[in-house]
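For reference, the structure discussed in these notes is given below.
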Amino acid sequence: MTIETTDRLAPRYDANGLVTAFVTDAATGEPLMLAHMNADALAATIAGGEAVFWSRSRARLWRKGEESGNVLKVVEIRIDCDQDALWLRCEPAGPACHMGARTCFYRRVEGERLVAVQE
């Protein structure tokens with residue numbers, strides 16, 4: 001079996017031990033945030049049902065909402081064909097962005113400028 005056809009979870013972590021995790025709203029499909037997970041974060045997420053990431057800036061595990069209460073309840077985790085990226089479908093308990101926006105993707109690129117997206 002190849003990694004593309006196996007039924008065994010075998011994430012391909014990068015040189016820093018991380019895999020990219022893309023988070024969307026399970027109900028709407030709206031993109032919420034992009035983060036990274038190491039093996040411990042992925043295991044904690046699977047075991048606990050709430051999104052846990054590896055914070056590169058803090059150099060530690062970080063449970064989304066640990067300070068704000070805006071946790072992400074995981075509905076489904078998918079992994080791409082070569083197991084180097086995760087997709088978490090979640091139910092957000094508030095804004096996903098630390099800036100208070102519903103999504104971290106609250107600005108669009110227009111040439112060299114960033115323009116706030118009106119919700």
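Residues in the structure tokens are numbered from 1 in each chain, the chains being A, B, ... in the order shown, and ligands are numbered from 1 in the order shown.
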Which of chain A counts as strand (DSSP E) under DSSP, as a PyMOL selection string please?
-> chain A and resi 19-25+31-37+52-55+60-63+72-79+85-92+107-110+113-116
All residues 10 Å or closer to region 78-83 of chain A, only C-alpha atoms, same chain fewer than 3 positions away omitted, as a PyMOL selection string | chain A and resi 2-6+9-13+19+21-22+86-89
Write a file of the just-selected residues containing N, CA and C atoms, as a short mmCIF file (atom, residue, chain, number, x, y, z; two decimals), in the first residue's frame.
data_model
loop_
_atom_site.label_atom_id
_atom_site.label_comp_id
_atom_site.auth_asym_id
_atom_site.auth_seq_id
_atom_site.Cartn_x
_atom_site.Cartn_y
_atom_site.Cartn_z
N THR A 2 0.39 2.26 -0.67
CA THR A 2 1.07 3.55 -0.66
C THR A 2 0.37 4.47 0.33
N ILE A 3 0.99 5.58 0.63
CA ILE A 3 0.40 6.54 1.57
C ILE A 3 -0.94 7.04 1.05
N GLU A 4 -1.11 7.06 -0.28
CA GLU A 4 -2.36 7.53 -0.89
C GLU A 4 -3.49 6.52 -0.78
N THR A 5 -3.17 5.25 -0.55
CA THR A 5 -4.21 4.23 -0.52
C THR A 5 -4.35 3.53 0.83
N THR A 6 -3.46 3.81 1.75
CA THR A 6 -3.54 3.16 3.05
C THR A 6 -4.73 3.65 3.86
N LEU A 9 -3.56 6.20 9.50
CA LEU A 9 -3.17 7.59 9.67
C LEU A 9 -1.66 7.65 9.87
N ALA A 10 -0.98 8.36 8.96
CA ALA A 10 0.48 8.47 9.01
C ALA A 10 0.89 9.86 8.50
N PRO A 11 0.58 10.89 9.28
CA PRO A 11 0.89 12.25 8.82
C PRO A 11 2.37 12.42 8.47
N ARG A 12 2.61 13.17 7.41
CA ARG A 12 3.97 13.49 6.98
C ARG A 12 4.31 14.88 7.50
N TYR A 13 4.94 14.91 8.65
CA TYR A 13 5.32 16.17 9.28
C TYR A 13 6.53 16.76 8.56
N VAL A 19 2.52 19.82 10.69
CA VAL A 19 1.66 19.63 9.53
C VAL A 19 0.66 20.79 9.53
N ALA A 21 -2.78 22.75 9.25
CA ALA A 21 -4.17 22.43 9.55
C ALA A 21 -5.05 23.60 9.12
N PHE A 22 -5.92 23.36 8.17
CA PHE A 22 -6.86 24.36 7.66
C PHE A 22 -8.19 24.12 8.36
N LEU A 86 -3.95 18.84 6.95
CA LEU A 86 -5.20 18.46 7.60
C LEU A 86 -6.28 19.49 7.33
N TRP A 87 -7.53 19.03 7.30
CA TRP A 87 -8.69 19.90 7.19
C TRP A 87 -9.57 19.58 8.39
N LEU A 88 -9.77 20.57 9.25
CA LEU A 88 -10.63 20.42 10.42
C LEU A 88 -11.93 21.14 10.16
N ARG A 89 -13.04 20.41 10.19
CA ARG A 89 -14.36 21.00 10.10
C ARG A 89 -14.84 21.16 11.54
#
Quick one: distance from CA of Thr20 (chain A) to CA of Ile77 (chain A) in Å, one decimal?
-> 12.4 Å
Selection: 12 Å around region 47-62 of chain A, only C-alpha atoms, excl. self and same-chain fewer than 5 positions, as a PyMOL selection string | chain A and resi 16-24+33-42+67+69-77+86-93+96
Could you give me, as JSON, numbers by chain, each residue of region 27-77 of chain A that DSSP assigns to alpha helix (DSSP H) when run on this structure's backbone?
-> {"A": [39, 40, 41, 42, 43, 44, 45, 46, 47, 48]}
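Between Glu30 (chain A) and the residues A:Ala85, A:Cys104, A:Met1, A:Ala44, the shortest atom-to-atom distance, using only C-alpha atoms, involves A:Cys104.
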Using only C-alpha atoms, pick whichever of A:Ile46, A:Val117, A:Val109, A:Asp25 has the shortest atom-to-atom distance to Pro95 (chain A).
-> A:Asp25
Record the distance separating CA of Ala26 (chain A) and CA of Arg102 (chain A), expressed in Å with one decimal.
-> 13.7 Å
Which value, in Å to one decimal, gives the distance between CA of Asp84 (chain A) and CA of Ala15 (chain A)?
->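 Between CA of Asp84 (chain A) and CA of Ala15 (chain A) the gap works out to 11.7 Å.
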